[in-house]
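Coordinates as given in run05.cif (mmCIF, C-alpha atoms):
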```
data_protein
loop_
_atom_site.label_atom_id
_atom_site.label_comp_id
_atom_site.auth_asym_id
_atom_site.auth_seq_id
_atom_site.Cartn_x
_atom_site.Cartn_y
_atom_site.Cartn_z
CA MET T 17 157.11 225.21 196.50
CA SER T 18 153.54 224.66 197.60
CA ALA T 19 151.64 221.76 196.08
CA THR T 20 149.02 224.24 194.90
CA LEU T 21 151.56 226.22 192.90
CA ASP T 22 153.08 222.98 191.68
CA ASP T 23 149.77 221.90 190.19
CA ALA T 24 149.00 225.35 188.84
CA VAL T 25 152.28 225.53 186.93
CA GLY T 26 151.77 222.15 185.28
CA GLU T 27 148.25 223.13 184.22
CA LEU T 28 149.46 226.53 183.03
CA LEU T 29 152.08 224.95 180.79
CA THR T 30 149.57 222.49 179.35
CA GLN T 31 147.04 225.19 178.63
CA SER T 32 149.70 227.53 177.25
CA LEU T 33 150.82 224.95 174.69
CA MET T 34 147.21 224.60 173.56
CA ALA T 35 146.73 228.37 173.39
CA TRP T 36 149.90 228.74 171.32
CA ARG T 37 148.94 225.78 169.14
CA VAL T 38 152.28 224.14 169.90
CA VAL T 39 152.29 220.36 169.75
CA ALA T 40 154.05 219.13 172.90
CA SER T 41 153.39 217.23 176.10
CA VAL T 42 154.09 218.11 179.73
CA GLU T 43 155.41 215.53 182.18
CA ARG T 44 156.54 215.68 185.77
CA THR T 45 159.75 213.81 186.53
CA GLY T 46 160.62 211.93 189.71
CA ASP T 47 162.71 214.83 190.99
CA GLY T 48 159.79 217.24 190.66
CA ALA T 49 160.88 219.01 187.49
CA LEU T 50 158.51 219.63 184.60
CA VAL T 51 159.63 218.47 181.18
CA ILE T 52 158.01 219.58 177.95
CA ASN T 53 158.62 217.34 174.98
CA GLY T 54 158.06 219.24 171.77
CA THR T 55 158.58 218.24 168.17
CA ARG T 56 161.76 220.26 167.84
CA ASN T 57 162.97 220.65 171.38
CA THR T 58 162.77 219.51 174.99
CA VAL T 59 162.48 222.00 177.81
CA ARG T 60 163.10 221.24 181.47
CA ILE T 61 161.77 223.53 184.18
CA GLU T 62 162.99 223.30 187.74
CA ARG T 63 161.98 225.23 190.80
CA VAL T 64 164.85 226.82 192.76
CA GLU T 65 164.24 227.41 196.45
CA HIS T 66 165.38 230.58 198.17
CA ALA T 67 166.94 232.28 195.15
CA ILE T 68 166.28 235.40 193.14
CA PHE T 69 165.77 233.29 190.05
CA ARG T 70 162.96 231.10 191.26
CA TRP T 71 163.07 228.89 188.20
CA MET T 72 165.70 227.29 186.00
CA VAL T 73 164.76 226.61 182.39
CA THR T 74 166.93 224.32 180.31
CA ALA T 75 166.57 224.17 176.53
CA ASP T 76 169.11 223.35 173.84
CA ASP T 77 171.59 222.41 176.60
CA ARG T 78 171.44 225.96 177.83
CA GLN T 79 170.27 226.74 181.34
CA ARG T 80 168.76 230.11 182.14
CA GLY T 81 167.25 231.53 185.28
CA ALA T 82 163.72 232.92 185.30
CA ILE T 83 162.54 235.32 187.93
CA SER T 84 158.83 234.59 187.57
CA LEU T 85 156.33 232.39 185.79
CA VAL T 86 155.94 235.07 183.15
CA ALA T 87 159.64 234.74 182.38
CA VAL T 88 159.31 230.94 182.34
CA LEU T 89 156.52 231.15 179.78
CA ARG T 90 158.61 233.47 177.62
CA GLN T 91 161.58 231.08 177.62
CA VAL T 92 159.42 228.04 176.98
CA ARG T 93 157.74 229.66 174.04
CA GLU T 94 161.00 230.89 172.57
CA ALA T 95 162.29 227.33 172.73
CA LEU T 96 159.25 225.61 171.24
CA ASP T 97 157.62 228.13 168.92
CA PRO T 98 160.10 229.32 166.27
CA GLY T 99 157.70 231.85 164.76
CA TYR T 100 157.03 233.56 168.05
CA ALA T 101 157.50 237.30 168.29
CA ALA T 102 156.61 238.74 171.67
CA ASN T 103 154.45 241.81 172.05
CA ARG T 104 155.45 244.17 174.79
CA VAL T 105 152.86 246.04 176.76
CA ARG T 106 152.49 249.66 175.74
CA ILE T 107 150.92 252.11 178.14
CA ALA T 108 148.52 254.59 176.61
CA VAL T 109 149.31 258.26 177.08
CA ALA T 110 145.65 259.16 176.83
CA ALA T 111 143.79 258.58 180.06
CA LEU T 112 140.60 256.58 180.17
CA VAL T 113 139.04 259.31 182.26
CA PRO T 114 140.36 262.79 183.07
CA SER T 115 142.42 263.20 186.18
CA GLN T 116 140.64 264.94 189.04
CA MET K 7 145.80 266.45 181.69
CA ASN K 8 143.50 269.12 180.39
CA ALA K 9 140.64 269.88 182.76
CA ASN K 10 138.05 269.36 180.04
CA PRO K 11 139.24 266.62 177.76
CA LEU K 12 137.16 265.89 174.71
CA PRO K 13 135.67 262.49 174.08
CA VAL K 14 136.67 261.02 170.75
CA SER K 15 134.44 258.29 169.41
CA VAL K 16 134.87 255.94 166.49
CA LEU K 17 132.10 255.22 163.99
CA THR K 18 132.91 252.11 162.05
CA GLY K 19 131.15 249.45 159.98
CA PHE K 20 131.67 247.58 156.76
CA LEU K 21 131.23 249.09 153.29
CA GLY K 22 127.63 250.06 152.64
CA SER K 23 126.47 249.41 156.18
CA GLY K 24 125.03 252.90 156.61
CA LYS K 25 127.71 254.91 158.43
CA THR K 26 127.36 257.99 156.25
CA THR K 27 123.55 257.95 156.33
CA LEU K 28 123.70 257.72 160.10
CA LEU K 29 126.17 260.57 160.29
CA ARG K 30 124.05 262.77 158.02
CA HIS K 31 121.11 262.44 160.38
CA LEU K 32 123.22 262.90 163.47
CA LEU K 33 124.70 266.13 162.15
CA ARG K 34 121.23 267.64 161.77
CA GLN K 35 120.47 267.14 165.45
CA PRO K 36 120.98 270.03 167.86
CA GLY K 37 122.47 267.61 170.37
CA PHE K 38 125.16 266.68 167.92
CA SER K 39 125.92 270.18 166.70
CA ARG K 40 129.10 270.73 168.69
CA THR K 41 130.79 267.75 167.10
CA ALA K 42 133.83 267.72 164.84
CA VAL K 43 133.81 264.88 162.35
CA ILE K 44 136.79 263.28 160.69
CA ILE K 45 135.88 261.14 157.71
CA ASN K 46 138.32 258.61 156.38
CA GLU K 47 137.68 257.69 152.79
CA PHE K 48 139.60 255.01 151.01
CA GLY K 49 140.03 255.75 147.35
CA GLU K 50 141.12 258.26 144.77
CA VAL K 51 137.98 260.31 144.96
CA GLY K 52 136.19 260.64 148.25
CA LEU K 53 132.44 260.84 148.09
CA ASP K 54 131.22 260.41 151.63
CA HIS K 55 132.08 263.94 152.66
CA GLU K 56 129.99 265.26 149.75
CA LEU K 57 126.98 263.54 151.28
CA ILE K 58 127.45 265.17 154.64
CA GLU K 59 126.02 268.59 155.37
CA ALA K 60 128.03 270.28 158.06
CA SER K 61 129.98 273.42 158.65
CA GLU K 62 133.13 273.12 156.60
CA ASP K 63 135.56 273.78 159.39
CA SER K 64 134.29 270.98 161.59
CA LEU K 65 134.33 268.33 158.90
CA ILE K 66 137.66 266.93 157.84
CA GLU K 67 138.29 264.36 155.19
CA LEU K 68 141.26 262.03 155.31
CA GLN K 69 141.65 260.69 151.84
CA THR K 70 145.16 259.34 151.58
CA GLY K 71 144.40 255.77 152.47
CA CYS K 72 142.82 253.52 154.99
CA LEU K 73 143.14 254.84 158.54
CA CYS K 74 144.06 251.57 160.08
CA CYS K 75 147.02 250.72 157.90
CA LYS K 76 148.46 253.74 156.12
CA ILE K 77 147.69 257.01 157.72
CA ARG K 78 147.59 256.62 161.45
CA SER K 79 150.06 259.49 161.60
CA ASP K 80 147.64 261.52 159.47
CA LEU K 81 144.94 260.92 162.04
CA SER K 82 147.25 262.08 164.82
CA GLN K 83 148.20 265.16 162.84
CA THR K 84 144.59 265.92 161.99
CA LEU K 85 143.52 265.62 165.60
CA ALA K 86 146.35 267.85 166.74
CA ASP K 87 145.49 270.47 164.08
CA LEU K 88 141.84 270.31 165.03
CA LEU K 89 142.61 270.90 168.69
CA ARG K 90 144.94 273.79 167.82
CA ARG K 91 142.27 275.45 165.69
CA ARG K 92 139.78 275.02 168.51
CA ASP K 93 142.20 276.54 171.01
CA GLU K 94 142.81 279.52 168.72
CA GLY K 95 139.12 280.02 168.00
CA ARG K 96 139.63 279.35 164.30
CA CYS K 97 136.79 276.86 163.92
CA THR K 98 133.25 276.31 165.11
CA PRO K 99 133.49 275.31 168.76
CA PHE K 100 133.05 271.61 169.39
CA ASP K 101 132.83 269.40 172.45
CA ARG K 102 133.22 266.01 170.85
CA ILE K 103 135.06 264.37 167.97
CA VAL K 104 133.78 261.49 165.88
CA VAL K 105 136.09 259.59 163.55
CA GLU K 106 134.25 257.79 160.76
CA THR K 107 136.50 255.03 159.49
CA SER K 108 136.54 253.60 156.01
CA GLY K 109 134.46 250.46 155.60
CA LEU K 110 137.56 248.33 155.31
CA ALA K 111 139.30 249.70 158.37
CA ASP K 112 140.42 247.59 161.27
CA PRO K 113 139.28 249.64 164.28
CA ALA K 114 141.89 248.30 166.70
CA PRO K 115 144.88 250.25 165.33
CA ILE K 116 142.73 253.38 165.24
CA LEU K 117 141.85 252.93 168.90
CA GLN K 118 145.52 252.38 169.63
CA THR K 119 146.40 255.63 167.87
CA LEU K 120 143.86 257.49 169.97
CA MET K 121 145.29 255.89 173.09
CA THR K 122 149.00 256.32 172.43
CA ASP K 123 149.52 259.49 170.46
CA PRO K 124 151.47 261.87 172.69
CA ALA K 125 150.43 264.90 170.63
CA VAL K 126 146.79 264.57 171.66
CA GLY K 127 146.93 262.13 174.56
CA GLY K 128 146.33 264.68 177.28
CA ARG K 129 143.49 266.35 175.45
CA LEU K 130 141.23 263.43 174.59
CA VAL K 131 139.43 260.61 176.34
CA LEU K 132 138.20 257.54 174.56
CA GLY K 133 134.48 257.72 173.92
CA SER K 134 132.30 255.08 172.32
CA VAL K 135 132.97 252.69 169.50
CA VAL K 136 129.83 252.55 167.34
CA THR K 137 129.53 249.94 164.61
CA THR K 138 126.89 249.85 161.88
CA VAL K 139 125.69 246.53 160.48
CA ASP K 140 123.10 246.40 157.72
CA ALA K 141 120.34 243.83 157.84
CA VAL K 142 120.46 243.16 154.10
CA ASN K 143 124.08 242.10 153.74
CA GLY K 144 125.31 242.06 157.31
CA ALA K 145 125.09 238.32 157.95
CA ASP K 146 126.91 237.46 154.72
CA THR K 147 129.52 240.11 155.36
CA LEU K 148 130.14 238.81 158.86
CA GLU K 149 130.52 235.33 157.44
CA ARG K 150 132.97 236.43 154.78
CA GLU K 151 134.94 239.37 156.13
CA ALA K 152 137.15 239.07 159.20
CA ILE K 153 137.36 242.86 159.42
CA SER K 154 133.59 243.05 159.73
CA GLN K 155 133.70 240.62 162.65
CA LYS K 156 136.36 242.71 164.32
CA GLN K 157 134.37 245.90 163.82
CA VAL K 158 131.45 244.30 165.64
CA ALA K 159 133.58 242.68 168.33
CA VAL K 160 135.13 245.93 169.59
CA ALA K 161 131.88 247.94 169.57
CA ASP K 162 130.20 249.54 172.57
CA ARG K 163 127.08 250.11 170.47
CA ILE K 164 125.95 248.22 167.37
CA VAL K 165 123.56 249.99 165.04
CA MET K 166 121.45 247.71 162.88
CA THR K 167 120.45 249.50 159.66
CA LYS K 168 118.24 248.83 156.62
CA LEU K 169 115.91 246.61 158.58
CA ASP K 170 113.00 248.01 156.55
CA LEU K 171 114.50 246.16 153.58
CA ALA K 172 115.13 242.88 155.35
CA ALA K 173 112.98 242.61 158.47
CA PRO K 174 112.98 238.79 158.57
CA ALA K 175 116.75 238.85 158.93
CA GLU K 176 116.65 240.57 162.31
CA LEU K 177 116.53 237.57 164.62
CA ALA K 178 119.33 235.62 162.96
CA LEU K 179 121.49 238.71 162.68
CA ARG K 180 120.91 239.57 166.34
CA GLU K 181 122.03 236.09 167.35
CA ARG K 182 125.15 236.43 165.25
CA LEU K 183 125.95 239.84 166.73
CA ASN K 184 125.33 238.49 170.20
CA ALA K 185 127.77 235.66 169.59
CA LEU K 186 130.42 238.14 168.51
CA ASN K 187 129.83 240.77 171.16
CA ALA K 188 127.23 240.11 173.81
CA GLY K 189 128.19 243.23 175.72
CA ALA K 190 127.25 245.76 173.06
CA LEU K 191 123.78 247.20 173.00
CA VAL K 192 122.13 246.62 169.61
CA ILE K 193 120.09 249.59 168.39
CA ILE K 194 117.82 249.56 165.36
CA VAL K 195 117.64 252.69 163.24
CA HIS K 196 115.48 253.53 160.26
CA HIS K 197 117.07 255.73 157.62
CA GLY K 198 119.70 256.90 160.04
CA ARG K 199 117.22 258.45 162.48
CA ILE K 200 118.48 258.06 166.00
CA ASP K 201 119.20 260.15 169.07
CA SER K 202 122.94 260.84 169.20
CA GLY K 203 122.86 260.45 172.97
CA ALA K 204 121.98 256.80 172.59
CA LEU K 205 125.15 256.18 170.62
CA PHE K 206 127.93 258.28 172.00
CA ASN K 207 127.45 257.97 175.75
CA ALA K 208 128.82 254.47 176.11
CA GLY K 209 132.40 255.30 177.12
CA LEU K 210 133.59 254.89 180.70
CA TYR K 211 133.65 258.65 181.23
CA ASP K 212 130.58 260.79 180.67
CA PRO K 213 131.75 264.35 179.97
CA CYS K 214 128.26 265.74 180.61
CA THR K 215 128.02 264.45 184.16
CA LYS K 216 131.80 264.31 184.59
CA SER K 217 131.44 260.89 186.12
CA THR K 218 132.16 257.27 185.34
CA ASP K 219 129.68 254.45 184.91
CA VAL K 220 131.55 251.16 185.10
CA HIS K 221 128.40 249.07 185.14
CA LYS K 222 127.21 250.47 181.83
CA TRP K 223 130.70 250.40 180.34
CA LEU K 224 131.26 246.74 181.16
CA ALA K 225 127.72 245.95 180.00
CA GLU K 226 127.56 243.37 182.74
CA GLU K 227 123.90 242.50 182.40
CA ALA K 228 124.18 241.90 178.69
CA GLN K 229 127.41 240.00 179.09
CA GLY K 230 126.11 237.32 181.43
CA TYR K 231 129.24 236.16 183.17
CA ALA K 232 128.13 232.59 183.50
CA HIS K 233 127.96 232.09 179.77
CA ALA K 234 130.91 232.67 177.50
CA ARG K 235 129.80 233.68 174.04
CA HIS K 236 131.73 232.87 170.96
CA ASP K 237 131.60 232.10 167.31
CA ASP K 238 134.30 230.15 165.54
CA VAL K 239 136.85 232.91 165.79
CA ILE K 240 135.79 235.66 168.17
CA LYS K 241 135.43 234.65 171.80
CA THR K 242 133.87 236.85 174.46
CA TYR K 243 134.03 235.88 178.10
CA ALA K 244 134.56 237.26 181.56
CA ILE K 245 136.95 236.23 184.29
CA VAL K 246 135.59 236.71 187.80
CA ARG K 247 137.62 236.54 191.00
CA GLU K 248 136.12 236.59 194.48
CA GLU K 249 139.44 237.22 196.22
CA PRO K 250 141.32 240.51 195.83
CA ILE K 251 144.22 240.43 193.37
CA PRO K 252 147.68 241.66 194.42
CA ALA K 253 148.83 244.58 192.28
CA VAL K 254 151.96 242.75 191.17
CA ALA K 255 149.91 239.72 190.11
CA LEU K 256 147.67 241.91 187.97
CA THR K 257 150.69 243.55 186.35
CA LEU K 258 152.33 240.21 185.58
CA PHE K 259 149.05 238.81 184.29
CA LEU K 260 148.42 241.67 181.87
CA GLU K 261 152.05 241.55 180.76
CA ALA K 262 151.76 237.86 179.92
CA VAL K 263 148.41 238.27 178.17
CA ALA K 264 149.76 241.09 176.04
CA GLU K 265 153.03 239.30 175.34
CA HIS K 266 151.57 236.01 174.20
CA CYS K 267 148.20 236.99 172.78
CA GLY K 268 148.37 240.75 172.35
CA ASN K 269 147.39 240.75 168.72
CA ASP K 270 144.36 238.62 169.50
CA ILE K 271 143.03 240.67 172.41
CA LEU K 272 140.55 242.79 170.53
CA ARG K 273 139.44 244.51 173.68
CA LEU K 274 139.74 244.00 177.42
CA LYS K 275 137.75 245.85 180.07
CA GLY K 276 137.68 245.23 183.78
CA ILE K 277 137.13 246.37 187.32
CA ILE K 278 139.62 244.96 189.81
CA ASN K 279 139.67 244.56 193.56
CA ILE K 280 143.33 245.26 194.30
CA LEU K 281 144.55 243.61 197.50
CA GLU K 282 146.58 246.61 198.60
CA ASN K 283 143.75 249.09 198.02
CA PRO K 284 140.47 247.19 198.44
CA ASP K 285 138.23 250.22 198.91
CA ARG K 286 139.19 251.82 195.60
CA PRO K 287 138.63 249.57 192.59
CA ALA K 288 140.91 249.86 189.60
CA VAL K 289 139.38 250.05 186.14
CA ILE K 290 141.50 248.61 183.35
CA HIS K 291 141.14 248.82 179.59
CA GLY K 292 143.25 247.51 176.76
CA VAL K 293 143.19 247.14 173.00
CA GLN K 294 145.58 244.45 171.78
CA HIS K 295 148.82 245.10 173.68
CA VAL K 296 148.10 248.75 174.52
CA PHE K 297 146.68 249.44 177.96
CA HIS K 298 145.41 252.57 179.62
CA PRO K 299 146.90 253.29 183.03
CA PRO K 300 144.47 251.96 185.63
CA VAL K 301 141.76 254.36 186.73
CA TRP K 302 141.26 254.34 190.51
CA LEU K 303 137.65 254.93 191.40
CA ASP K 304 136.82 256.66 194.68
CA ARG K 305 134.51 253.84 195.67
CA TRP K 306 132.90 250.67 194.41
CA PRO K 307 129.94 251.38 192.15
CA SER K 308 127.85 248.66 193.83
CA GLU K 309 127.97 246.05 196.57
CA ASP K 310 129.65 243.67 194.15
CA ARG K 311 133.35 243.79 195.00
CA ARG K 312 134.46 240.93 192.82
CA SER K 313 137.11 241.51 190.18
CA ARG K 314 135.59 241.16 186.71
CA ILE K 315 137.51 241.27 183.46
CA VAL K 316 135.71 241.08 180.13
CA PHE K 317 137.75 239.68 177.24
CA ILE K 318 136.87 240.01 173.57
CA THR K 319 139.41 237.89 171.77
CA ARG K 320 140.26 236.13 168.60
CA HIS K 321 141.07 232.49 169.40
CA VAL K 322 142.36 233.12 172.94
CA PRO K 323 141.07 230.25 175.11
CA GLN K 324 139.24 231.24 178.28
CA ARG K 325 140.80 228.35 180.14
CA TRP K 326 144.31 229.65 179.43
CA VAL K 327 143.44 233.11 180.75
CA GLU K 328 141.91 231.63 183.92
CA VAL K 329 144.82 229.30 184.58
CA LEU K 330 147.34 232.07 183.90
CA LEU K 331 145.76 234.37 186.48
CA GLU K 332 145.47 231.52 188.96
CA ALA K 333 149.11 230.42 188.58
CA ILE K 334 150.49 233.95 188.81
CA GLY K 335 148.37 234.55 191.89
CA GLN K 336 149.73 231.36 193.44
CA GLU K 337 153.30 232.37 192.68
CA VAL K 338 152.86 235.82 194.18
CA ALA K 339 151.33 234.24 197.30
CA ASP K 340 154.22 231.79 197.45
CA VAL K 341 156.76 234.63 197.33
CA HIS K 342 154.97 236.44 200.13
CA VAL K 343 155.02 233.31 202.31
CA TYR K 344 158.72 232.90 201.64
CA GLN K 345 159.40 236.53 202.49
CA SER K 346 157.63 236.39 205.85
CA PRO K 347 160.18 236.17 208.73
CA SER K 348 159.15 232.71 209.90
CA GLN K 349 159.80 231.26 206.46
CA GLN K 350 163.27 232.72 205.88
CA PRO K 351 166.03 230.13 205.47
CA SER K 352 168.36 229.99 208.46
#
```
Written as structure tokens, how would this file's structure read?
Amino acid sequence: MSATLDDAVGELLTQSLMAWRVVASVERTGDGALVINGTRNTVRIERVEHAIFRWMVTADDRQRGAISLVAVLRQVREALDPGYAANRVRIAVAALVPSQ
Amino acid sequence: MNANPLPVSVLTGFLGSGKTTLLRHLLRQPGFSRTAVIINEFGEVGLDHELIEASEDSLIELQTGCLCCKIRSDLSQTLADLLRRRDEGRCTPFDRIVVETSGLADPAPILQTLMTDPAVGGRLVLGSVVTTVDAVNGADTLEREAISQKQVAVADRIVMTKLDLAAPAELALRERLNALNAGALVIIVHHGRIDSGALFNAGLYDPCTKSTDVHKWLAEEAQGYAHARHDDVIKTYAIVREEPIPAVALTLFLEAVAEHCGNDILRLKGIINILENPDRPAVIHGVQHVFHPPVWLDRWPSEDRRSRIVFITRHVPQRWVEVLLEAIGQEVADVHVYQSPSQQPS
């Protein structure tokens, strides 16, 4: 993983916790993993090289693969924010402008 | 898609803010004559429609409840019936629809209904959102009523009314409106007198010229990208990217925004430089977690080829949105590096 992405992910997790108003801290461990210590749970996020699931997220002693950062965020929030109910994108049937 | 879709606009504003007075004057104007009006009244006995003079068959009253929470299906049904009557020549011809909401209505679910209803989706395009705010009570109402703030935040045009009764309030009210929605043009009217063209031409698509005006729609000059505007709750800001954005990164970004903050995205508008198609910008628009399919313009409307996304949110931090787009962009770039032949594992 590039150092740039490495930094971006740590910052994204920190900012996400603030946006979700979840009290937790983000730390990087010696082996390069990111660990989020929340009030009710701890989540560990590891990068997996050369695999379909680019990330492994461990919470409640359960390890799950995540294919993208969006999936990582979803798993982290599910683990730390018990009241969370995800919205799924809906695509409007009405166009913004008429088709040509 | 119908070749001549009708623009449907929303006229909203808190109780007593002057929506009906405005509508009365608009309906007397020749330029507004080919307009069907749907009035949503909230209460046992509707009165607003009694105050409106219009041909009976182009004025429809929805009286079973508040549009935003109870009768969204009624709105869909009414729109479908209206279009059927128009097709069959059973009503006065009209080229535009205006939905006047009740004063207590949350406009976001109404916009969502207009965007997602399959019964009318191919026949309509989203026009303007016009919000009335009265100078006498507007500031107090905005302080007290979250719905009033939301009505202002999603507007393309804000109509300030009753200024003849409270002229000294103008400056403070303007500042408050600007904090809630810097992108909306504020128009002052006296006793409802205003040119309809000034109100209902603020959508992306102009049915008269059959063209789009992204610059006007994004209200870029009013927005001022360098300065995020916000009050305690509503935050308006723009994200600007110099580099083109890969299509997959944009998709993932919007998915994450909708998933985590969908209810708090009051409105999102943008023009995007897509990496795979840099000569044809994509225009995006969303209300909460509902998004229009991107509109691909034939060309850039100006020399400015930066991606710009305007967010009007409730409590969604700008920093989070910026970092999210940055991180997703980095991940997509990382995947592309990995997929290039020289980077494949042996």
- Task: Give me the result of the PyMOL selection byres ((chain T and resi 28-39) around 7) on this file, residue by residue, as a ChimeraX atom specification.
- Result: /T:24-27,40,42,54-55,97 /K:322-323,326,329-330,333
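Using the PyMOL selection byres ((chain K and resi 175-179) around 10) on the file at hand returns these residues: Val139, Asp140, Ala141, Val142, Asn143, Gly144, Ala145, Asp146, Leu148, Met166, Leu169, Leu171, Ala172, Ala173, Pro174, Arg180, Glu181, Arg182, Leu183, Asn184, Ala185 and Ile194 of chain K.
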Restrict the distance test to all atoms listed in the file, flag each residue of chain T within 7 Å of chain K, and return the flagged residues as an MDAnalysis selection string. chainID T and resid 21 24:25 28 31:32 35 85:86 102:115
All residues 10 Å or closer to Asp77 (chain T), all atoms listed in the file, same chain fewer than 3 positions away omitted, as an mmCIF file with C-alpha atoms, in the coordinates of the input:
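Once written, out_6.cif looks like this:
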```cif
data_model
loop_
_atom_site.group_PDB
_atom_site.id
_atom_site.type_symbol
_atom_site.label_atom_id
_atom_site.label_comp_id
_atom_site.auth_asym_id
_atom_site.auth_seq_id
_atom_site.Cartn_x
_atom_site.Cartn_y
_atom_site.Cartn_z
ATOM 1 C CA THR T 58 162.770 219.510 174.990
ATOM 2 C CA VAL T 59 162.480 222.000 177.810
ATOM 3 C CA ARG T 60 163.100 221.240 181.470
ATOM 4 C CA VAL T 73 164.760 226.610 182.390
ATOM 5 C CA THR T 74 166.930 224.320 180.310
ATOM 6 C CA ARG T 80 168.760 230.110 182.140
#
```
> What is the CA of Gly22 (chain K) to CA of Leu272 (chain K) distance in Å?
Replying inline: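 Going from CA of Gly22 (chain K) over to CA of Leu272 (chain K) covers 23.2 Å.
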Once the PyMOL selection byres ((chain K and resi 31) around 9) has been applied to the shown file, what residues remain in the selection, as a CSV table (one decimal) with C-alpha atoms, in the coordinates of the input?
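Listed below is the output, selection_9.csv:
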```
chain,number,residue,atom,x,y,z
K,26,THR,CA,127.4,258.0,156.2
K,27,THR,CA,123.6,258.0,156.3
K,28,LEU,CA,123.7,257.7,160.1
K,29,LEU,CA,126.2,260.6,160.3
K,30,ARG,CA,124.0,262.8,158.0
K,32,LEU,CA,123.2,262.9,163.5
K,33,LEU,CA,124.7,266.1,162.2
K,34,ARG,CA,121.2,267.6,161.8
K,35,GLN,CA,120.5,267.1,165.4
K,58,ILE,CA,127.4,265.2,154.6
K,197,HIS,CA,117.1,255.7,157.6
K,198,GLY,CA,119.7,256.9,160.0
K,199,ARG,CA,117.2,258.4,162.5
K,200,ILE,CA,118.5,258.1,166.0
```
Å distance separating CA of Arg311 (chain K) from CA of Ala244 (chain K), one decimal place: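 Value for the CA of Arg311 (chain K)-CA of Ala244 (chain K) distance: 15.0 Å.
Rounded to one decimal, CA of Ile318 (chain K) and CA of Arg163 (chain K) lie 14.4 Å from each other.
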Leu21 (chain K) surroundings by only C-alpha atoms, 12 Å radius, close-in-sequence under 6 positions cut, as a PyMOL selection string:
chain K and resi 47-48+54+106-111+137-140+143-144+147-148+151+153-154+157
Expected file contents, prior selection, C-alpha atoms, as a PDB file, in the frame of the given file:
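Below you can see selection17.pdb, which holds the result:
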```pdb
ATOM      1  CA  GLU K  47     137.680 257.690 152.790  1.00  0.00           C
ATOM      2  CA  PHE K  48     139.600 255.010 151.010  1.00  0.00           C
ATOM      3  CA  ASP K  54     131.220 260.410 151.630  1.00  0.00           C
ATOM      4  CA  GLU K 106     134.250 257.790 160.760  1.00  0.00           C
ATOM      5  CA  THR K 107     136.500 255.030 159.490  1.00  0.00           C
ATOM      6  CA  SER K 108     136.540 253.600 156.010  1.00  0.00           C
ATOM      7  CA  GLY K 109     134.460 250.460 155.600  1.00  0.00           C
ATOM      8  CA  LEU K 110     137.560 248.330 155.310  1.00  0.00           C
ATOM      9  CA  ALA K 111     139.300 249.700 158.370  1.00  0.00           C
ATOM     10  CA  THR K 137     129.530 249.940 164.610  1.00  0.00           C
ATOM     11  CA  THR K 138     126.890 249.850 161.880  1.00  0.00           C
ATOM     12  CA  VAL K 139     125.690 246.530 160.480  1.00  0.00           C
ATOM     13  CA  ASP K 140     123.100 246.400 157.720  1.00  0.00           C
ATOM     14  CA  ASN K 143     124.080 242.100 153.740  1.00  0.00           C
ATOM     15  CA  GLY K 144     125.310 242.060 157.310  1.00  0.00           C
ATOM     16  CA  THR K 147     129.520 240.110 155.360  1.00  0.00           C
ATOM     17  CA  LEU K 148     130.140 238.810 158.860  1.00  0.00           C
ATOM     18  CA  GLU K 151     134.940 239.370 156.130  1.00  0.00           C
ATOM     19  CA  ILE K 153     137.360 242.860 159.420  1.00  0.00           C
ATOM     20  CA  SER K 154     133.590 243.050 159.730  1.00  0.00           C
ATOM     21  CA  GLN K 157     134.370 245.900 163.820  1.00  0.00           C
TER      22      GLN K 157
END
```
Counting all atoms listed in the file, figure out which residue out of T:Glu62, T:Met72, T:Gly81, T:Arg56 gets nearest to Leu96 (chain T).
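Checking each candidate against Leu96 (chain T), we get T:Arg56 as the closest.
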Using all atoms listed in the file, pick whichever of K:Ser15, K:Asn207, K:Thr257, K:Gln155 has the shortest atom-to-atom distance to Leu186 (chain K).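 Under the stated criterion, the closest residue is K:Gln155.
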Inset, instruction - Identify the residues within 6 Å of coordinate (140.2, 241.8, 174.2) (same frame as the file), considering only C-alpha atoms, and give the answer as a ChimeraX atom specification. - result: /K:271-274,317-319
Exercise. May I ask which of the residues K:Val14, K:Pro36, K:Ile280, K:Ala114 is the closest one to Leu89 (chain K), counting all atoms listed in the file?
Key: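 Looking only at the distances to Leu89 (chain K), the closest residue turns out to be K:Val14.
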